[in-house]
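Everything below belongs to query04.tsv, which stores TSV, C-alpha atoms and all ligand atoms.
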chain	number	residue	atom	x	y	z
O	1	MET	CA	27.83	-201.26	83.03
O	2	PRO	CA	26.77	-198.02	84.71
O	3	SER	CA	23.72	-198.39	86.94
O	4	LYS	CA	20.56	-196.43	86.29
O	5	LYS	CA	21.54	-194.11	89.13
O	6	ASP	CA	25.02	-193.58	87.67
O	7	GLU	CA	23.49	-192.60	84.34
O	8	ILE	CA	21.14	-190.12	86.00
O	9	VAL	CA	23.95	-188.63	88.08
O	10	ALA	CA	26.16	-188.35	84.98
O	11	SER	CA	23.44	-186.40	83.17
O	12	PHE	CA	23.33	-183.97	86.09
O	13	ASP	CA	27.12	-183.70	86.29
O	14	SER	CA	27.40	-182.69	82.64
O	15	SER	CA	24.27	-180.63	82.22
O	16	VAL	CA	22.70	-179.30	85.43
O	17	ILE	CA	24.07	-176.19	87.16
O	18	PRO	CA	25.68	-177.44	90.40
O	19	ASN	CA	23.94	-175.01	92.79
O	20	TYR	CA	22.57	-177.76	95.04
O	21	GLY	CA	24.38	-180.17	97.30
O	22	ARG	CA	22.68	-183.46	96.40
O	23	ALA	CA	22.70	-186.76	98.28
O	24	ASP	CA	23.82	-189.71	96.18
O	25	ILE	CA	20.34	-191.17	95.63
O	26	ALA	CA	18.01	-191.04	92.63
O	27	PHE	CA	14.35	-191.46	93.47
O	28	GLU	CA	11.94	-193.20	91.23
O	29	ARG	CA	8.64	-193.77	92.99
O	30	GLY	CA	6.62	-192.64	95.99
O	31	GLU	CA	3.46	-193.71	97.75
O	32	GLY	CA	2.18	-192.04	100.91
O	33	ILE	CA	5.12	-191.52	103.23
O	34	LYS	CA	7.25	-194.10	101.41
O	35	LEU	CA	9.79	-193.62	98.65
O	36	TRP	CA	11.86	-195.98	96.54
O	37	ASP	CA	15.15	-195.24	94.79
O	38	THR	CA	16.42	-196.64	91.50
O	39	GLU	CA	18.10	-199.48	93.36
O	40	GLY	CA	14.88	-200.57	95.03
O	41	ASN	CA	15.75	-199.27	98.52
O	42	GLU	CA	12.77	-198.12	100.56
O	43	TYR	CA	12.67	-194.90	102.60
O	44	ILE	CA	10.25	-193.22	104.98
O	45	ASP	CA	9.91	-189.56	104.03
O	46	LEU	CA	9.84	-187.46	107.21
O	47	PHE	CA	10.57	-184.17	105.48
O	48	SER	CA	8.22	-184.09	102.46
O	49	GLY	CA	10.78	-182.06	100.51
O	50	TRP	CA	10.43	-178.86	102.53
O	51	ALA	CA	6.84	-179.65	103.43
O	52	VAL	CA	5.76	-179.73	99.79
O	53	THR	CA	4.21	-183.19	99.40
O	54	SER	CA	1.61	-182.29	101.99
O	55	VAL	CA	-0.76	-185.22	101.46
O	56	GLY	CA	2.00	-187.75	100.79
O	57	HIS	CA	3.47	-189.00	97.55
O	58	CYS	CA	1.02	-189.75	94.76
O	59	HIS	CA	-2.12	-189.60	96.90
O	60	PRO	CA	-4.84	-191.24	94.75
O	61	LYS	CA	-7.09	-188.20	95.08
O	62	LEU	CA	-4.30	-185.87	93.98
O	63	VAL	CA	-3.31	-188.09	91.05
O	64	GLU	CA	-6.96	-188.37	89.99
O	65	ALA	CA	-7.49	-184.59	90.14
O	66	ILE	CA	-4.33	-183.89	88.14
O	67	THR	CA	-5.02	-186.48	85.44
O	68	GLU	CA	-8.68	-185.55	85.12
O	69	GLN	CA	-7.80	-181.86	84.71
O	70	ALA	CA	-4.95	-182.63	82.30
O	71	ARG	CA	-7.33	-184.66	80.15
O	72	ASN	CA	-9.70	-181.72	79.83
O	73	LEU	CA	-7.67	-178.53	79.91
O	74	CYS	CA	-4.07	-177.90	81.02
O	75	TYR	CA	-3.61	-174.23	80.42
O	76	MET	CA	-5.44	-171.03	79.67
O	77	PRO	CA	-4.13	-167.52	80.21
O	78	ASN	CA	-5.49	-165.26	82.92
O	79	ILE	CA	-7.63	-163.27	80.53
O	80	PHE	CA	-10.28	-166.00	80.79
O	81	TYR	CA	-12.01	-167.97	83.55
O	82	TRP	CA	-11.68	-171.64	84.46
O	83	GLU	CA	-13.18	-173.74	87.19
O	84	SER	CA	-10.21	-175.05	89.20
O	85	GLN	CA	-8.62	-171.65	89.93
O	86	GLY	CA	-11.93	-170.25	91.19
O	87	ARG	CA	-12.61	-173.31	93.33
O	88	LEU	CA	-9.15	-173.18	94.92
O	89	ALA	CA	-9.51	-169.45	95.65
O	90	GLN	CA	-12.84	-170.17	97.30
O	91	TYR	CA	-11.36	-172.92	99.49
O	92	ILE	CA	-8.75	-170.44	100.72
O	93	HIS	CA	-11.25	-167.57	101.07
O	94	ASP	CA	-13.68	-169.63	103.15
O	95	ARG	CA	-10.97	-170.88	105.54
O	96	CYS	CA	-9.01	-167.69	106.24
O	97	PHE	CA	-9.91	-164.05	106.81
O	98	GLY	CA	-12.06	-163.82	103.68
O	99	GLY	CA	-8.97	-163.10	101.57
O	100	GLN	CA	-8.86	-162.98	97.79
O	101	SER	CA	-6.05	-164.80	96.00
O	102	PHE	CA	-3.58	-163.92	93.30
O	103	PHE	CA	-1.96	-167.13	92.08
O	104	CYS	CA	1.66	-167.59	91.11
O	105	ASN	CA	4.04	-170.55	90.94
O	106	SER	CA	6.36	-170.48	93.94
O	107	GLY	CA	6.97	-169.12	97.40
O	108	ALA	CA	9.36	-166.38	96.34
O	109	GLU	CA	6.86	-165.15	93.78
O	110	SER	CA	4.10	-165.08	96.36
O	111	VAL	CA	6.25	-163.03	98.78
O	112	GLU	CA	7.42	-160.78	95.92
O	113	GLY	CA	3.76	-160.27	95.04
O	114	ALA	CA	2.85	-159.50	98.65
O	115	ILE	CA	5.64	-156.92	98.94
O	116	LYS	CA	4.54	-155.40	95.65
O	117	LEU	CA	0.89	-155.29	96.75
O	118	ALA	CA	1.91	-153.61	100.03
O	119	ARG	CA	3.84	-151.00	98.01
O	120	LEU	CA	0.98	-150.44	95.55
O	121	HIS	CA	-1.40	-150.00	98.47
O	122	GLY	CA	0.97	-147.93	100.63
O	123	TRP	CA	2.19	-145.64	97.86
O	124	GLU	CA	-1.35	-144.84	96.76
O	125	LYS	CA	-2.38	-144.19	100.37
O	126	ASP	CA	0.46	-141.98	101.64
O	127	LYS	CA	3.71	-142.71	99.82
O	128	ARG	CA	4.80	-145.75	101.82
O	129	TYR	CA	7.19	-148.29	100.32
O	130	LYS	CA	9.35	-149.93	102.99
O	131	THR	CA	9.10	-153.52	104.22
O	132	LEU	CA	10.25	-154.57	107.68
O	133	SER	CA	11.29	-158.18	108.20
O	134	PHE	CA	13.06	-160.18	110.91
O	135	SER	CA	16.28	-161.95	111.79
O	136	ASP	CA	16.47	-165.65	110.84
O	137	SER	CA	13.56	-165.22	108.45
O	138	PHE	CA	13.41	-166.75	105.00
O	139	HIS	CA	11.28	-165.19	102.28
O	140	GLY	CA	12.72	-166.49	99.01
O	141	ARG	CA	15.51	-166.16	96.46
O	142	THR	CA	14.46	-163.37	94.13
O	143	LEU	CA	16.35	-160.13	94.72
O	144	ALA	CA	13.56	-158.43	96.69
O	145	THR	CA	12.58	-161.49	98.76
O	146	LEU	CA	16.23	-162.27	99.42
O	147	THR	CA	16.73	-158.71	100.66
O	148	ALA	CA	13.78	-159.22	103.03
O	149	THR	CA	15.32	-162.52	104.17
O	150	GLY	CA	17.00	-161.90	107.51
O	151	GLN	CA	19.93	-164.30	107.10
O	152	MET	CA	22.87	-162.26	105.92
O	153	LYS	CA	24.76	-165.26	104.51
O	154	TYR	CA	22.28	-165.20	101.61
O	155	HIS	CA	23.09	-161.56	100.82
O	156	GLU	CA	26.75	-162.12	100.02
O	157	GLY	CA	28.03	-161.56	96.51
O	158	ILE	CA	24.81	-160.43	94.83
O	159	GLY	CA	24.69	-156.73	95.68
O	160	PRO	CA	23.65	-154.03	95.30
O	161	LEU	CA	20.38	-155.14	96.88
O	162	PRO	CA	17.16	-153.24	96.21
O	163	PRO	CA	16.41	-150.43	98.68
O	164	GLY	CA	13.36	-150.22	100.94
O	165	PHE	CA	14.00	-153.04	103.42
O	166	ASP	CA	14.60	-152.88	107.18
O	167	HIS	CA	15.37	-155.73	109.57
O	168	ALA	CA	14.41	-156.13	113.23
O	169	THR	CA	14.96	-159.01	115.66
O	170	PHE	CA	12.53	-161.96	115.63
O	171	ASN	CA	10.32	-162.16	118.73
O	172	ASP	CA	11.60	-158.74	119.88
O	173	LEU	CA	8.74	-156.27	119.57
O	174	ALA	CA	10.78	-153.29	120.80
O	175	SER	CA	13.24	-153.75	117.92
O	176	ALA	CA	10.34	-153.51	115.44
O	177	GLU	CA	8.79	-150.48	117.14
O	178	LYS	CA	11.99	-148.52	116.49
O	179	LEU	CA	11.89	-149.19	112.77
O	180	VAL	CA	8.23	-148.70	111.79
O	181	GLY	CA	7.75	-145.16	110.48
O	182	ASP	CA	5.81	-143.07	107.96
O	183	GLU	CA	7.44	-144.87	105.07
O	184	THR	CA	6.72	-148.41	106.27
O	185	ALA	CA	4.26	-150.13	103.93
O	186	ALA	CA	4.36	-153.52	105.62
O	187	ILE	CA	5.79	-155.80	108.25
O	188	ILE	CA	6.39	-159.36	107.04
O	189	VAL	CA	6.82	-162.26	109.45
O	190	GLU	CA	6.56	-166.05	109.46
O	191	PRO	CA	4.29	-167.10	112.37
O	192	ILE	CA	6.65	-170.08	112.68
O	193	GLN	CA	10.04	-169.71	111.01
O	194	GLY	CA	10.69	-172.76	108.83
O	195	GLU	CA	14.09	-172.17	107.23
O	196	GLY	CA	15.26	-170.36	110.36
O	197	GLY	CA	15.01	-173.67	112.25
O	198	ILE	CA	11.37	-173.97	113.45
O	199	ASN	CA	11.27	-170.85	115.64
O	200	ILE	CA	7.81	-170.16	117.04
O	201	SER	CA	6.48	-166.60	117.38
O	202	ASP	CA	5.35	-165.59	120.85
O	203	GLU	CA	1.66	-164.71	121.01
O	204	SER	CA	2.55	-161.28	122.43
O	205	PHE	CA	4.96	-160.66	119.54
O	206	LEU	CA	2.33	-161.19	116.84
O	207	GLU	CA	-0.26	-159.26	118.85
O	208	GLY	CA	2.21	-156.42	119.25
O	209	LEU	CA	2.99	-156.37	115.52
O	210	ARG	CA	-0.72	-156.23	114.71
O	211	LYS	CA	-1.17	-153.29	117.06
O	212	LEU	CA	1.92	-151.55	115.70
O	213	CYS	CA	0.64	-151.88	112.12
O	214	ASP	CA	-2.80	-150.58	113.06
O	215	GLU	CA	-1.43	-147.59	114.96
O	216	ARG	CA	1.14	-146.59	112.38
O	217	GLY	CA	-0.74	-147.36	109.15
O	218	ALA	CA	1.29	-150.32	107.88
O	219	LEU	CA	0.07	-153.70	106.63
O	220	LEU	CA	0.82	-157.00	108.35
O	221	ILE	CA	1.97	-159.82	106.05
O	222	PHE	CA	2.20	-163.39	107.32
O	223	ASP	CA	4.53	-165.48	105.18
O	224	GLU	CA	2.84	-168.89	105.45
O	225	VAL	CA	4.72	-170.50	102.57
O	226	TRP	CA	6.03	-173.19	104.97
O	227	THR	CA	3.26	-173.19	107.54
O	228	GLY	CA	0.12	-172.88	105.41
O	229	VAL	CA	-2.52	-175.43	104.41
O	230	GLY	CA	-2.64	-177.65	107.48
O	231	ARG	CA	1.03	-178.02	108.38
O	232	SER	CA	0.54	-176.57	111.88
O	233	GLY	CA	-2.70	-178.44	112.61
O	234	LYS	CA	-4.74	-175.40	111.55
O	235	TRP	CA	-5.45	-174.39	107.98
O	236	PHE	CA	-3.06	-171.50	108.47
O	237	ALA	CA	-0.55	-171.14	111.31
O	238	TYR	CA	-1.84	-167.70	112.34
O	239	GLN	CA	-5.02	-169.47	113.46
O	240	ASN	CA	-3.03	-170.82	116.41
O	241	TYR	CA	-2.91	-167.17	117.51
O	242	GLY	CA	-5.58	-164.53	118.02
O	243	VAL	CA	-4.09	-162.35	115.28
O	244	GLU	CA	-5.07	-161.95	111.63
O	245	PRO	CA	-2.87	-160.57	108.84
O	246	ASP	CA	-3.82	-158.22	106.00
O	247	ILE	CA	-1.92	-160.32	103.47
O	248	MET	CA	-0.81	-163.95	103.61
O	249	THR	CA	1.50	-165.87	101.30
O	250	LEU	CA	1.19	-169.57	100.46
O	251	ALA	CA	3.13	-172.05	98.32
O	252	LYS	CA	5.09	-175.19	99.32
O	253	GLY	CA	2.32	-177.57	100.45
O	254	LEU	CA	-0.50	-175.79	98.60
O	255	GLY	CA	-0.27	-177.93	95.45
O	256	GLY	CA	0.79	-181.15	97.17
O	257	GLY	CA	3.84	-181.30	94.87
O	258	LEU	CA	2.69	-179.25	91.91
O	259	PRO	CA	4.06	-175.71	91.69
O	260	ILE	CA	1.54	-173.14	92.86
O	261	GLY	CA	1.70	-170.17	95.21
O	262	ALA	CA	-0.78	-167.53	96.32
O	263	VAL	CA	-0.89	-163.99	97.63
O	264	VAL	CA	-4.02	-163.83	99.78
O	265	ALA	CA	-5.24	-160.35	100.73
O	266	ARG	CA	-8.19	-158.65	102.37
O	267	PRO	CA	-10.48	-157.46	99.53
O	268	GLU	CA	-10.06	-153.77	100.44
O	269	ILE	CA	-6.29	-154.12	100.11
O	270	ALA	CA	-6.38	-156.54	97.16
O	271	LYS	CA	-8.06	-153.88	95.04
O	272	ALA	CA	-4.75	-151.99	94.81
O	273	MET	CA	-3.72	-154.79	92.41
O	274	LYS	CA	-5.50	-153.45	89.34
O	275	PRO	CA	-5.30	-154.90	85.82
O	276	GLY	CA	-1.82	-154.24	84.47
O	277	THR	CA	-0.10	-153.85	87.87
O	278	HIS	CA	0.75	-157.51	88.38
O	279	ALA	CA	0.52	-160.81	86.49
O	280	SER	CA	1.93	-164.30	86.06
O	281	THR	CA	1.76	-166.29	82.83
O	282	PHE	CA	1.36	-169.66	84.55
O	283	GLY	CA	-0.36	-168.34	87.70
O	284	GLY	CA	-3.30	-170.42	88.86
O	285	ASN	CA	-2.60	-172.94	86.09
O	286	ALA	CA	-5.55	-175.30	85.67
O	287	VAL	CA	-3.65	-178.49	86.59
O	288	ALA	CA	-1.78	-176.95	89.54
O	289	ALA	CA	-5.01	-175.40	90.83
O	290	ALA	CA	-6.81	-178.75	90.54
O	291	ALA	CA	-4.01	-180.25	92.63
O	292	GLY	CA	-4.50	-177.49	95.22
O	293	CYS	CA	-8.21	-178.29	95.40
O	294	ALA	CA	-7.41	-181.97	95.93
O	295	VAL	CA	-5.10	-181.03	98.83
O	296	PHE	CA	-7.89	-179.08	100.56
O	297	GLU	CA	-10.40	-181.87	99.95
O	298	THR	CA	-8.03	-184.59	101.19
O	299	ILE	CA	-7.28	-182.68	104.40
O	300	GLU	CA	-10.95	-181.99	105.01
O	301	GLU	CA	-12.28	-185.45	104.23
O	302	GLY	CA	-9.61	-187.17	106.31
O	303	ASN	CA	-10.08	-184.83	109.29
O	304	LEU	CA	-6.34	-184.34	108.98
O	305	LEU	CA	-6.16	-181.07	110.93
O	306	GLU	CA	-7.26	-182.84	114.11
O	307	GLN	CA	-5.03	-185.79	113.34
O	308	VAL	CA	-2.00	-183.54	112.77
O	309	THR	CA	-2.59	-181.70	116.06
O	310	GLU	CA	-2.86	-184.94	118.01
O	311	LEU	CA	-0.06	-186.83	116.30
O	312	GLY	CA	2.23	-183.79	116.19
O	313	ALA	CA	2.03	-183.64	119.98
O	314	TYR	CA	2.67	-187.39	120.07
O	315	MET	CA	5.77	-186.96	117.93
O	316	VAL	CA	7.10	-184.27	120.29
O	317	GLU	CA	6.42	-186.67	123.19
O	318	ARG	CA	8.40	-189.43	121.46
O	319	PHE	CA	11.29	-187.02	120.88
O	320	GLY	CA	11.08	-186.08	124.56
O	321	LYS	CA	11.63	-189.74	125.44
O	322	ILE	CA	14.60	-189.90	123.05
O	323	ALA	CA	16.00	-186.76	124.73
O	324	GLU	CA	15.76	-188.46	128.14
O	325	ASP	CA	17.32	-191.68	126.91
O	326	THR	CA	20.22	-190.19	124.95
O	327	GLY	CA	20.94	-186.78	126.51
O	328	LYS	CA	21.70	-185.56	122.99
O	329	ILE	CA	18.78	-183.17	122.52
O	330	LYS	CA	18.86	-179.56	123.66
O	331	GLU	CA	15.36	-178.44	122.70
O	332	ILE	CA	12.26	-179.71	120.88
O	333	ARG	CA	10.04	-177.15	119.15
O	334	GLY	CA	6.89	-178.31	117.45
O	335	VAL	CA	3.52	-177.19	116.19
O	336	GLY	CA	1.55	-179.85	114.34
O	337	PHE	CA	3.68	-181.66	111.78
O	338	MET	CA	6.42	-179.05	111.89
O	339	VAL	CA	8.96	-180.20	114.44
O	340	GLY	CA	12.46	-178.89	115.09
O	341	VAL	CA	14.80	-180.94	117.22
O	342	GLU	CA	17.84	-178.98	118.32
O	343	LEU	CA	20.77	-181.24	119.13
O	344	ASN	CA	23.68	-180.48	121.42
O	345	ASP	CA	26.11	-181.30	118.60
O	346	SER	CA	26.17	-181.27	114.81
O	347	GLY	CA	23.34	-183.26	113.21
O	348	ALA	CA	25.21	-184.36	110.07
O	349	ASP	CA	25.92	-187.84	111.45
O	350	VAL	CA	22.33	-188.27	112.60
O	351	VAL	CA	21.06	-187.47	109.10
O	352	LYS	CA	23.55	-189.96	107.64
O	353	ARG	CA	22.59	-192.73	110.09
O	354	ALA	CA	18.89	-191.99	109.53
O	355	LEU	CA	19.40	-192.40	105.79
O	356	GLU	CA	21.11	-195.75	106.35
O	357	LEU	CA	18.07	-196.79	108.37
O	358	GLY	CA	15.82	-195.62	105.53
O	359	LEU	CA	14.64	-192.34	107.03
O	360	LEU	CA	14.69	-189.04	105.17
O	361	ILE	CA	15.11	-186.10	107.55
O	362	ASN	CA	16.73	-182.71	107.21
O	363	CYS	CA	19.22	-180.78	109.28
O	364	THR	CA	19.55	-177.00	109.20
O	365	HIS	CA	21.82	-174.50	110.98
O	366	ASP	CA	24.11	-177.51	111.66
O	367	THR	CA	22.27	-178.72	114.79
O	368	ILE	CA	18.53	-178.49	114.09
O	369	LEU	CA	16.77	-181.57	112.73
O	370	ARG	CA	13.58	-180.74	110.88
O	371	ILE	CA	10.69	-183.16	110.68
O	372	ALA	CA	7.73	-182.37	108.43
O	373	PRO	CA	5.99	-185.55	107.28
O	374	ALA	CA	2.93	-185.75	105.07
O	375	LEU	CA	-0.21	-184.66	106.92
O	376	THR	CA	-1.61	-188.12	106.19
O	377	MET	CA	0.96	-189.93	108.35
O	378	THR	CA	-0.67	-192.34	110.82
O	379	ARG	CA	0.24	-193.24	114.41
O	380	ASP	CA	1.56	-196.67	113.38
O	381	GLU	CA	3.75	-195.08	110.73
O	382	ILE	CA	5.02	-192.57	113.30
O	383	ASP	CA	5.82	-195.36	115.77
O	384	ASP	CA	7.83	-197.20	113.15
O	385	ALA	CA	9.68	-194.03	112.10
O	386	MET	CA	10.36	-192.92	115.67
O	387	ASP	CA	11.92	-196.28	116.58
O	388	LYS	CA	14.38	-195.71	113.75
O	389	MET	CA	14.79	-192.06	114.73
O	390	ALA	CA	15.78	-193.11	118.25
O	391	LYS	CA	18.52	-195.34	116.82
O	392	ALA	CA	19.77	-192.61	114.49
O	393	ILE	CA	20.03	-190.08	117.33
O	394	ALA	CA	21.52	-192.51	119.83
O	395	GLY	CA	24.31	-193.33	117.32
O	401	LIG	C1	10.49	-171.74	101.05
O	401	LIG	C2	10.01	-170.43	101.47
O	401	LIG	C3	9.91	-169.35	100.58
O	401	LIG	C4	10.38	-169.47	99.14
O	401	LIG	O1	9.68	-170.42	98.42
O	401	LIG	P1	10.20	-170.94	96.99
O	401	LIG	O2	9.05	-171.75	96.47
O	401	LIG	O3	11.43	-171.72	97.21
O	401	LIG	O4	10.44	-169.74	96.15
O	401	LIG	C5	9.39	-168.16	101.04
O	401	LIG	N1	8.98	-168.03	102.31
O	401	LIG	C6	9.05	-169.03	103.20
O	401	LIG	C7	8.55	-168.83	104.58
O	401	LIG	C8	9.59	-170.26	102.81
O	401	LIG	O5	9.67	-171.25	103.70

So, in terms of structure tokens, how does the structure I just supplied come out?
Amino acid sequence: MPSKKDEIVASFDSSVIPNYGRADIAFERGEGIKLWDTEGNEYIDLFSGWAVTSVGHCHPKLVEAITEQARNLCYMPNIFYWESQGRLAQYIHDRCFGGQSFFCNSGAESVEGAIKLARLHGWEKDKRYKTLSFSDSFHGRTLATLTATGQMKYHEGIGPLPPGFDHATFNDLASAEKLVGDETAAIIVEPIQGEGGINISDESFLEGLRKLCDERGALLIFDEVWTGVGRSGKWFAYQNYGVEPDIMTLAKGLGGGLPIGAVVARPEIAKAMKPGTHASTFGGNAVAAAAGCAVFETIEEGNLLEQVTELGAYMVERFGKIAEDTGKIKEIRGVGFMVGVELNDSGADVVKRALELGLLINCTHDTILRIAPALTMTRDEIDDAMDKMAKAIAG
């Protein structure tokens, strides 16, 4: 008789487009940082599915907020008001640069919206339309956001790409200076590159970009889809720097697992998005917004920003010890619960061994392990996971 997993896999094989490489596991249940598959095996989730399940799996507060909202009202279109969208916007507004939010459903949509807002604003002002982005960046999979994405492997086979995009080198201010002109509407940058392999912006780089934008009349967009909502130990990663953006994008961890994204803009820029210029049918959906509110409340009530800062540093320290013991680690880059561990050799075997030990981690660019646990992870849980991690790396 086929197992439950075999049946699930068979349904995918016949009926789901095979655009993902999937590991041979079907998950059934999660609680906090733990997960269980259909065969009853237990795993520690150190990746949170690209930093999405930000307060852990099925956090009681999140589940309560979602069910309560679903019981009352799931959906209304954006030609009316409802409580949860307004409350979530206020949480964001009060914790960033006083930005106003436009809600959508994913990271790509939030970046697409930010690029569009920069064009609406720039065209009205003095006919600006271009967006400058950086090498190794990742901004999404729609045609415009993919064009902004500075990893050329993603551009193959889908051309012609939309015009109006330039690329400079990450952390190289001089390369950006050469490309910002009268037609540049915006510079977009991730304060910490997630998909690029946890690459951290230099303070002087972000300061220089801010100055460049101010001098030459362009907007500065921070793509915080990976880094936003507590991941870096601050509400937003830019708050680790003395630099504020004009527009910020959020998604991944914002809904704690429910799909929601946001374009967050200074009010004077946001007003270029007039009725009719932009919209999203599901944007700011009542249930997804309620989940977003629960994420903010859980982080605040648990003092998780402080905890993430402290325990993120602890995690880096533990990796430092593993580096000493094994000699297999080239570099450790971490801010909060966003840690990249660059190995000397390919990480595929480490990921496989970790899985056998019941640890879910991720490897990108062949050699970079990415660790992004739920912001709720405790020191004891980290100790347990890092003991296993040491074994997986040692081999
Ligand atoms: C993941 C990601 C995106 C795209 O988000 P999706 O929800 O997959 O569309 C955009 N920008 C950054 C920085 C990301 O990490």

> Quick one: residues within 9 Å of ligand LIG 401 (chain O), with all atoms listed in the file, as number ranges by chain?
Replying inline: O: 50-51, 105-111, 137-142, 145, 149, 189-190, 192-196, 222-227, 249-252, 259-261

> Can you tell me, as a ChimeraX atom specification, what residues are no more than 8 Å from O:Thr298 when counting only C-alpha atoms, ignoring any on the same chain fewer than 6 positions away?
Replying inline: /O:55,61,304

Mind writing the picked residues with C-alpha atoms as a PDB file, in the frame of the given file?
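Result saved to again-v8.pdb:
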ATOM      1  CA  VAL O  55      -0.760-185.220 101.460  1.00  0.00           C
ATOM      2  CA  LYS O  61      -7.090-188.200  95.080  1.00  0.00           C
ATOM      3  CA  LEU O 304      -6.340-184.340 108.980  1.00  0.00           C
TER       4      LEU O 304
END

>> At a cut-off of 12 Å, using all atoms listed in the file, what residues contact O:Asn171? Leave out same-chain residues fewer than 2 positions from it and give the result as a list in words.
In response: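 Returned residues: Ser133, Phe134, Ser135, Asp136, Ser137, Ala168, Thr169, Leu173, Ala174, Ser175, Ala176, Glu177, Val189, Glu190, Pro191, Ile192, Gln193, Asn199, Ile200, Ser201, Asp202, Glu203, Ser204, Phe205, Leu206, Glu207, Gly208 and Leu209 of chain O.
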
>> So that I can check the surroundings of stretch 383-389 of chain O, please list as a list in words every protein, DNA and RNA residue that reaches within 7 Å of it, counting only C-alpha atoms and ignoring chain neighbours fewer than 3 positions away.
In response: Ala354, Leu357, Arg379, Asp380, Ala392 and Ile393 of chain O

> In Å to one decimal, how far is atom CA of O:Cys104 from atom CA of O:Ser280?
Replying inline: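 Atom CA of O:Ser280 sits 6.0 Å away from atom CA of O:Cys104.
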
>> For a test of reading the model, state the distance in Å between atom CA of O:Ile66 and atom CA of O:Phe296, rounded to one decimal.
In response: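 Interatomic distance here is 13.8 Å.
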
What lies within 9 Å of O:Gln307 using only C-alpha atoms, ignoring chain neighbours under 2 positions off, as a PDB file with C-alpha atoms, in the coordinates of the input?
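After the write, selection23.pdb holds the following:
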ATOM      1  CA  GLY O 233      -2.700-178.440 112.610  1.00  0.00           C
ATOM      2  CA  GLY O 302      -9.610-187.170 106.310  1.00  0.00           C
ATOM      3  CA  ASN O 303     -10.080-184.830 109.290  1.00  0.00           C
ATOM      4  CA  LEU O 304      -6.340-184.340 108.980  1.00  0.00           C
ATOM      5  CA  LEU O 305      -6.160-181.070 110.930  1.00  0.00           C
ATOM      6  CA  THR O 309      -2.590-181.700 116.060  1.00  0.00           C
ATOM      7  CA  GLU O 310      -2.860-184.940 118.010  1.00  0.00           C
ATOM      8  CA  LEU O 311      -0.060-186.830 116.300  1.00  0.00           C
ATOM      9  CA  GLY O 312       2.230-183.790 116.190  1.00  0.00           C
ATOM     10  CA  GLY O 336       1.550-179.850 114.340  1.00  0.00           C
ATOM     11  CA  LEU O 375      -0.210-184.660 106.920  1.00  0.00           C
ATOM     12  CA  THR O 376      -1.610-188.120 106.190  1.00  0.00           C
ATOM     13  CA  MET O 377       0.960-189.930 108.350  1.00  0.00           C
ATOM     14  CA  THR O 378      -0.670-192.340 110.820  1.00  0.00           C
TER      15      THR O 378
END

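Remark: for O:Phe97, the closest of the candidate residues O:Lys116, O:Arg370, O:Arg266, O:His59 is O:Arg266 (distances computed over only C-alpha atoms).
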
> Near O:Glu244, within 8 Å and counting all atoms listed in the file, which residues show up once chain neighbours fewer than 4 positions away are dropped, as a list in words?
Replying inline: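 Counting only the stated atoms, we get Phe97, Arg210, Tyr238 and Gln239 of chain O.
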
Since we have the selection now, will you write its residues out, keeping C-alpha atoms, as a PDB file, in the frame of the given file?
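Writing the result to selection-v3.pdb gives the following:
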ATOM      1  CA  PHE O  97      -9.910-164.050 106.810  1.00  0.00           C
ATOM      2  CA  ARG O 210      -0.720-156.230 114.710  1.00  0.00           C
ATOM      3  CA  TYR O 238      -1.840-167.700 112.340  1.00  0.00           C
ATOM      4  CA  GLN O 239      -5.020-169.470 113.460  1.00  0.00           C
TER       5      GLN O 239
END

Let me have the centre and edge lengths of the axis-aligned box enclosing all listed atoms of stretch 272-290 of chain O with 3 Å padding on every side, in Å to one decimal, as AutoDock Vina command-line options.
--center_x -2.4 --center_y -165.4 --center_z 88.8 --size_x 14.7 --size_y 32.8 --size_z 18.0

> Interatomic distance between atom CA of O:Pro77 and atom CA of O:Thr281?
Replying inline: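 The value is 6.6 Å.
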
> Counting only C-alpha atoms, which of O:Thr367, O:Ser3, O:Thr67, O:Gln100 gets nearest to O:Glu39?
Replying inline: O:Ser3

> Of the residues O:Tyr314, O:Phe170, O:Trp235, O:Phe282, which is the one nearest to O:Ile79, using all atoms listed in the file?
Replying inline: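 Distance minimum relative to O:Ile79 lands on O:Phe282.
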
> From the set O:Leu117, O:Glu156, O:Ile371, O:Lys330, which residue has the shortest atom-to-atom contact distance to O:Ile247, counting only C-alpha atoms?
Replying inline: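 With only C-alpha atoms as the atom set, the closest residue is O:Leu117.
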
Could you give me, as a CSV table (one decimal) with C-alpha atoms, in the coordinates of the input, the residues that have an atom at most 12 Å away from the point (23.3, -193.2, 87.6) in the coordinates of the file, using only C-alpha atoms?
chain,number,residue,atom,x,y,z
O,1,MET,CA,27.8,-201.3,83.0
O,2,PRO,CA,26.8,-198.0,84.7
O,3,SER,CA,23.7,-198.4,86.9
O,4,LYS,CA,20.6,-196.4,86.3
O,5,LYS,CA,21.5,-194.1,89.1
O,6,ASP,CA,25.0,-193.6,87.7
O,7,GLU,CA,23.5,-192.6,84.3
O,8,ILE,CA,21.1,-190.1,86.0
O,9,VAL,CA,24.0,-188.6,88.1
O,10,ALA,CA,26.2,-188.4,85.0
O,11,SER,CA,23.4,-186.4,83.2
O,12,PHE,CA,23.3,-184.0,86.1
O,13,ASP,CA,27.1,-183.7,86.3
O,24,ASP,CA,23.8,-189.7,96.2
O,25,ILE,CA,20.3,-191.2,95.6
O,26,ALA,CA,18.0,-191.0,92.6
O,27,PHE,CA,14.4,-191.5,93.5
O,28,GLU,CA,11.9,-193.2,91.2
O,37,ASP,CA,15.2,-195.2,94.8
O,38,THR,CA,16.4,-196.6,91.5
O,39,GLU,CA,18.1,-199.5,93.4
